[in-house]
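S.K.: To start, I am sharing the structure in question, which I have written as structure tokens.
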Amino acid sequence: MSLQFDGTRYSGWQRLKDNDNTIQGKLEDLLSKMTGENINVIGCSRTDKGVHAKSLICNFFTKSDMETGKMMSYINHYLPEDIALTYIDEASERFHSRHNAKSKIYRYTIDNGAHQDVFSRKFTSYVNGNIDTALMQRAADYLLGTHDFDAFTTMKSKKKSCKRTMMNISVSKKGSLIYVTYEGDGFLHNMLRIITGTLLRVGKREISPEDVAKILQGKDRSVAGPMAESSGLCLMQVEYN
């Protein structure tokens, strides 16, 4: 399945024991009612609280003989208006939406206008003042490749590896909007929001692009930039082999 959602009022993708106001929770409850089974939905990515998705891929197992077309109609009829199912089909029993993903593409959108746009405020982060996107791109290039991104995560456990591969980062501007697009094999907790906050410091000329390389090598979260707001982040696409 492919889902799109406005994550503004949700506590992220992953179902929480004390809070079912999550995308996974809403979907599992609905699918369980639809099939009469106890459904577990596997998501390709654990989006954080307030983060959006244009195409989040997920899968579930069921013994139901309901046709996928009828499933789609049922699901979209009962889903909240800020979540939509855009695609559903049968997959191989060996398919796993997270483990089989080759890469994930996220986009962070910054509103850099003279004032915040009222109609896009739920899907952007407003940052005023002059921002040098060329400097941001220079800094971003230091993050390409396979690295330990320990300086760019709030993950507390030191048992899990912070090594990830960043395949591409592009910084562009169209009108008053700045787009930072990331493609990688996986991302740590709050990693992209912290990287974006650090790149914005470069764009404001508070630190240099070379400082970002030093932050990466130093593996110290305290010297990286602030965590950018969740509202600007959106999962755009997931690539599979």
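Just remember, in the structure tokens the first chain shown is A, the second B, etc., residues are 1-based per chain, and ligands are 1-based in the order shown.
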Where does DSSP see strand (DSSP E or B) in segment 10-232 of chain A, if you list the residues as a PyMOL selection string?

M.R.: chain A and resi 16+19+42-43+52-59+83-87+101-111+125-126+145-148+163-174+177-184

S.K.: Pick out the residues sitting within 6 Å of segment 107-109 of chain A, and hand them over as an MDAnalysis selection string; count only C-alpha atoms, and ignore anything fewer than 6 positions along from it in its own chain.

M.R.: chainID A and resid 124 178:181 232:234

S.K.: Those same residues - all heavy atoms - I'd like them written as a JSON list (two decimals), in the first residue's frame.

M.R.:
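Final output, out-v9.json:
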[["chain", "number", "residue", "atom", "x", "y", "z"],
["A", 124, "THR", "N", 5.39, 23.74, 5.88],
["A", 124, "THR", "CA", 6.68, 24.41, 5.76],
["A", 124, "THR", "C", 7.16, 24.85, 7.13],
["A", 124, "THR", "O", 6.41, 24.84, 8.10],
["A", 124, "THR", "CB", 6.58, 25.66, 4.87],
["A", 124, "THR", "OG1", 5.68, 26.60, 5.47],
["A", 124, "THR", "CG2", 6.09, 25.32, 3.47],
["A", 178, "ILE", "N", 12.48, 27.35, -0.11],
["A", 178, "ILE", "CA", 13.76, 26.62, -0.21],
["A", 178, "ILE", "C", 13.48, 25.15, 0.05],
["A", 178, "ILE", "O", 12.82, 24.79, 1.03],
["A", 178, "ILE", "CB", 14.77, 27.15, 0.83],
["A", 178, "ILE", "CG1", 15.10, 28.63, 0.54],
["A", 178, "ILE", "CG2", 16.05, 26.30, 0.81],
["A", 178, "ILE", "CD1", 15.94, 29.28, 1.63],
["A", 179, "TYR", "N", 13.97, 24.30, -0.86],
["A", 179, "TYR", "CA", 13.76, 22.86, -0.73],
["A", 179, "TYR", "C", 15.11, 22.18, -0.46],
["A", 179, "TYR", "O", 16.08, 22.40, -1.18],
["A", 179, "TYR", "CB", 13.18, 22.28, -2.01],
["A", 179, "TYR", "CG", 11.85, 22.87, -2.42],
["A", 179, "TYR", "CD1", 11.77, 23.81, -3.45],
["A", 179, "TYR", "CD2", 10.67, 22.49, -1.78],
["A", 179, "TYR", "CE1", 10.55, 24.35, -3.83],
["A", 179, "TYR", "CE2", 9.44, 23.03, -2.15],
["A", 179, "TYR", "CZ", 9.39, 23.96, -3.18],
["A", 179, "TYR", "OH", 8.19, 24.49, -3.55],
["A", 180, "VAL", "N", 15.14, 21.35, 0.57],
["A", 180, "VAL", "CA", 16.30, 20.51, 0.83],
["A", 180, "VAL", "C", 15.84, 19.06, 0.69],
["A", 180, "VAL", "O", 15.03, 18.59, 1.48],
["A", 180, "VAL", "CB", 16.89, 20.75, 2.24],
["A", 180, "VAL", "CG1", 18.21, 19.98, 2.38],
["A", 180, "VAL", "CG2", 17.11, 22.23, 2.50],
["A", 181, "THR", "N", 16.33, 18.39, -0.33],
["A", 181, "THR", "CA", 15.90, 17.03, -0.64],
["A", 181, "THR", "C", 17.00, 16.05, -0.29],
["A", 181, "THR", "O", 18.15, 16.22, -0.69],
["A", 181, "THR", "CB", 15.51, 16.91, -2.12],
["A", 181, "THR", "OG1", 14.53, 17.90, -2.44],
["A", 181, "THR", "CG2", 14.94, 15.53, -2.41],
["A", 232, "GLY", "N", 8.00, 21.02, 8.30],
["A", 232, "GLY", "CA", 8.59, 21.17, 6.97],
["A", 232, "GLY", "C", 9.02, 19.87, 6.32],
["A", 232, "GLY", "O", 9.38, 19.86, 5.14],
["A", 233, "LEU", "N", 8.98, 18.76, 7.06],
["A", 233, "LEU", "CA", 9.53, 17.50, 6.55],
["A", 233, "LEU", "C", 8.45, 16.60, 5.97],
["A", 233, "LEU", "O", 7.40, 16.41, 6.58],
["A", 233, "LEU", "CB", 10.28, 16.77, 7.67],
["A", 233, "LEU", "CG", 11.10, 15.55, 7.28],
["A", 233, "LEU", "CD1", 12.18, 15.91, 6.26],
["A", 233, "LEU", "CD2", 11.73, 14.91, 8.51],
["A", 234, "CYS", "N", 8.75, 16.02, 4.80],
["A", 234, "CYS", "CA", 7.78, 15.14, 4.14],
["A", 234, "CYS", "C", 8.50, 13.99, 3.46],
["A", 234, "CYS", "O", 9.50, 14.19, 2.75],
["A", 234, "CYS", "CB", 6.98, 15.93, 3.11],
["A", 234, "CYS", "SG", 5.69, 14.99, 2.27]]

S.K.: Set the distance at 6 Å and use only C-alpha atoms: which residues neighbour segment 188-190 of chain A once local chain neighbours fewer than 2 positions away are removed? I'd like the list as a list in words.

M.R.: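 Answer for this query is Thr153, Met155, Leu192 and Arg193 of chain A.
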
S.K.: Could you write out the selected residues, including C-alpha atoms, as a PDB file, in the first residue's frame?

M.R.:
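The resulting file, again.pdb, is shown below:
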ATOM      1  CA  THR A 153      20.516  12.327  15.980  1.00  0.00           C
ATOM      2  CA  MET A 155      18.858   8.590  19.508  1.00  0.00           C
ATOM      3  CA  LEU A 192      17.098  15.087   8.846  1.00  0.00           C
ATOM      4  CA  ARG A 193      15.630  17.811  11.036  1.00  0.00           C
TER       5      ARG A 193
END

S.K.: Using only C-alpha atoms, which protein or nucleic acid residues come within 8 Å of segment 39-51 of chain A? Drop anything in the same chain fewer than 3 positions from it, and give the result as JSON, numbers by chain.

M.R.: {"A": [6, 7, 8, 9, 10, 11, 12, 13, 14, 24, 27, 28, 29, 31, 32, 56, 57, 58, 59, 60, 61, 62, 96, 97, 98, 99, 101, 189, 190, 230, 231, 232, 233, 234, 235, 238]}

S.K.: I need the residue nearest Asp117 of chain A from this list: A:Leu177, A:Ile195, A:Ala134, A:Leu3. Use only C-alpha atoms for the distance.

M.R.: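 Using only C-alpha atoms, Asp117 of chain A sits closest to A:Leu177.
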
S.K.: Go through A:Lys104, A:Gln217, A:Asp148, A:Ala114 one by one, measure the shortest atom-to-atom distance of each to Ser161 of chain A using only C-alpha atoms, and give the residue with the smallest value.

M.R.: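 Nearest to Ser161 of chain A: A:Asp148.
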
S.K.: Under the rule that only C-alpha atoms are counted, which of A:Met1, A:Met71, A:Leu143, A:Met236 is the nearest residue to Val212 of chain A?

M.R.: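 Closest to Val212 of chain A of all the choices is A:Leu143.
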
S.K.: Among segment 97-182 of chain A, which residues carry a DSSP assignment of alpha helix (DSSP H), reported as an NGL selection string?

M.R.: :A and (133-141)

S.K.: Which residues are close to Val223 of chain A, i.e. within 10 Å by only C-alpha atoms, leaving aside same-chain residues fewer than 5 positions away? Reply as a list in words.

M.R.: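 Residues meeting the cut-off are Ala151, Phe152, Thr198, Asp211, Val212, Lys214, Ile215, Leu216 and Gly218 of chain A.
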
S.K.: Generate a file of the selected residues that holds N, CA, C and O atoms, formatted as a PDB file, in the first residue's frame.

M.R.:
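Dumped everything to out-v9.pdb:
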ATOM      1  N   ALA A 151      26.367  12.770  15.383  1.00  0.00           N
ATOM      2  CA  ALA A 151      26.195  14.182  15.740  1.00  0.00           C
ATOM      3  C   ALA A 151      24.835  14.721  15.315  1.00  0.00           C
ATOM      4  O   ALA A 151      24.429  15.800  15.752  1.00  0.00           O
ATOM      5  N   PHE A 152      24.127  13.958  14.482  1.00  0.00           N
ATOM      6  CA  PHE A 152      22.876  14.453  13.911  1.00  0.00           C
ATOM      7  C   PHE A 152      21.671  13.594  14.297  1.00  0.00           C
ATOM      8  O   PHE A 152      20.762  13.388  13.500  1.00  0.00           O
ATOM      9  N   THR A 198      21.239  22.507  10.944  1.00  0.00           N
ATOM     10  CA  THR A 198      22.667  22.809  10.815  1.00  0.00           C
ATOM     11  C   THR A 198      22.960  23.511   9.494  1.00  0.00           C
ATOM     12  O   THR A 198      23.719  24.490   9.449  1.00  0.00           O
ATOM     13  N   ASP A 211      32.732  23.751   8.675  1.00  0.00           N
ATOM     14  CA  ASP A 211      32.373  23.420  10.057  1.00  0.00           C
ATOM     15  C   ASP A 211      31.458  22.195  10.102  1.00  0.00           C
ATOM     16  O   ASP A 211      31.500  21.414  11.062  1.00  0.00           O
ATOM     17  N   VAL A 212      30.629  22.024   9.074  1.00  0.00           N
ATOM     18  CA  VAL A 212      29.731  20.869   9.034  1.00  0.00           C
ATOM     19  C   VAL A 212      30.532  19.573   8.917  1.00  0.00           C
ATOM     20  O   VAL A 212      30.202  18.561   9.549  1.00  0.00           O
ATOM     21  N   LYS A 214      33.487  19.142  10.127  1.00  0.00           N
ATOM     22  CA  LYS A 214      34.085  18.930  11.453  1.00  0.00           C
ATOM     23  C   LYS A 214      33.045  18.374  12.437  1.00  0.00           C
ATOM     24  O   LYS A 214      33.369  17.524  13.266  1.00  0.00           O
ATOM     25  N   ILE A 215      31.803  18.877  12.337  1.00  0.00           N
ATOM     26  CA  ILE A 215      30.725  18.382  13.213  1.00  0.00           C
ATOM     27  C   ILE A 215      30.476  16.904  12.942  1.00  0.00           C
ATOM     28  O   ILE A 215      30.314  16.098  13.866  1.00  0.00           O
ATOM     29  N   LEU A 216      30.451  16.530  11.664  1.00  0.00           N
ATOM     30  CA  LEU A 216      30.250  15.130  11.284  1.00  0.00           C
ATOM     31  C   LEU A 216      31.351  14.256  11.866  1.00  0.00           C
ATOM     32  O   LEU A 216      31.070  13.198  12.454  1.00  0.00           O
ATOM     33  N   GLY A 218      33.324  14.936  14.398  1.00  0.00           N
ATOM     34  CA  GLY A 218      33.399  15.002  15.854  1.00  0.00           C
ATOM     35  C   GLY A 218      32.364  14.163  16.578  1.00  0.00           C
ATOM     36  O   GLY A 218      32.516  13.837  17.757  1.00  0.00           O
TER      37      GLY A 218
END

S.K.: Can you work out which one of A:Glu81, A:Asp185, A:Asp111, A:Glu67 has the shortest atom-to-atom distance to Thr146 of chain A, counting only C-alpha atoms?

M.R.: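 Of A:Glu81, A:Asp185, A:Asp111, A:Glu67, the one nearest Thr146 of chain A, counting only C-alpha atoms, is A:Asp185.
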
S.K.: Segment 152-203 of chain A near segment 126-133 of chain A within 10 Å: what's each residue's closest atom pair and its distance in Å to one decimal, counting only C-alpha atoms, ordered by chain then ascending residue number, as CSV?

M.R.:
residue,atom,partner,partner_atom,distance
A:Ser170,CA,A:Thr133,CA,9.8
A:Val171,CA,A:Thr133,CA,6.4
A:Ser172,CA,A:Thr133,CA,6.8
A:Lys173,CA,A:Thr133,CA,7.4
A:Ser176,CA,A:Asn128,CA,9.9
A:Leu177,CA,A:Tyr126,CA,9.4
A:Ile178,CA,A:Thr133,CA,7.9
A:Tyr179,CA,A:Thr133,CA,9.5
A:Val180,CA,A:Thr133,CA,9.5
A:Leu199,CA,A:Thr133,CA,9.0
A:Leu200,CA,A:Ile131,CA,7.4
A:Arg201,CA,A:Ile131,CA,8.9
A:Val202,CA,A:Asp132,CA,7.8
A:Gly203,CA,A:Asp132,CA,4.5

S.K.: For the selection you just gave me, I'd like the residues written to a file as a PDB file, in the first residue's frame, keeping C-alpha atoms.

M.R.:
ATOM      1  CA  SER A 170      20.115  18.944  -3.093  1.00  0.00           C
ATOM      2  CA  VAL A 171      19.337  22.498  -1.996  1.00  0.00           C
ATOM      3  CA  SER A 172      17.208  24.603  -4.336  1.00  0.00           C
ATOM      4  CA  LYS A 173      15.069  27.724  -4.212  1.00  0.00           C
ATOM      5  CA  SER A 176      10.240  32.218  -1.550  1.00  0.00           C
ATOM      6  CA  LEU A 177      10.492  28.458  -0.909  1.00  0.00           C
ATOM      7  CA  ILE A 178      13.756  26.624  -0.205  1.00  0.00           C
ATOM      8  CA  TYR A 179      13.764  22.859  -0.730  1.00  0.00           C
ATOM      9  CA  VAL A 180      16.304  20.510   0.835  1.00  0.00           C
ATOM     10  CA  LEU A 199      22.526  23.664   7.101  1.00  0.00           C
ATOM     11  CA  LEU A 200      20.371  26.688   7.922  1.00  0.00           C
ATOM     12  CA  ARG A 201      23.103  27.941  10.252  1.00  0.00           C
ATOM     13  CA  VAL A 202      25.453  27.743   7.281  1.00  0.00           C
ATOM     14  CA  GLY A 203      22.923  29.533   5.055  1.00  0.00           C
TER      15      GLY A 203
END

S.K.: Considering only C-alpha atoms, return as a list in words whatever protein or nucleic-acid residues lie within 9 Å of Ser64 of chain A, sequence-local ones (same chain, fewer than 3 positions apart) excluded.

M.R.: Met34, Thr35, Gly36, Glu37 and Glu67 of chain A

S.K.: Find the spatial neighbours of Asn241 of chain A, counting only C-alpha atoms, within a cut-off of 10 Å - ignore same-chain residues fewer than 4 positions away - and output them as a CSV table (one decimal) with N, CA and C atoms, in the first residue's frame.

M.R.:
chain,number,residue,atom,x,y,z
A,100,ASN,N,13.1,-4.3,2.3
A,100,ASN,CA,13.3,-4.3,0.9
A,100,ASN,C,13.6,-2.9,0.3
A,101,ALA,N,13.5,-1.9,1.1
A,101,ALA,CA,13.6,-0.5,0.5
A,101,ALA,C,15.1,-0.3,0.2
A,102,LYS,N,15.4,0.2,-1.0
A,102,LYS,CA,16.7,0.6,-1.4
A,102,LYS,C,17.1,1.9,-0.9
A,103,SER,N,16.2,2.9,-1.0
A,103,SER,CA,16.4,4.2,-0.5
A,103,SER,C,15.1,4.9,-0.2

S.K.: Report, in Å with one decimal, the straight-line distance from atom CA of Arg221 of chain A to atom CA of Ile105 of chain A.

M.R.: 23.4 Å

S.K.: Considering only C-alpha atoms, state which residue in the set A:Gln4, A:Lys26, A:Ser55, A:Lys33 is at the smallest distance from Asp82 of chain A.

M.R.: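 Closest residue, counting only C-alpha atoms: A:Gln4.
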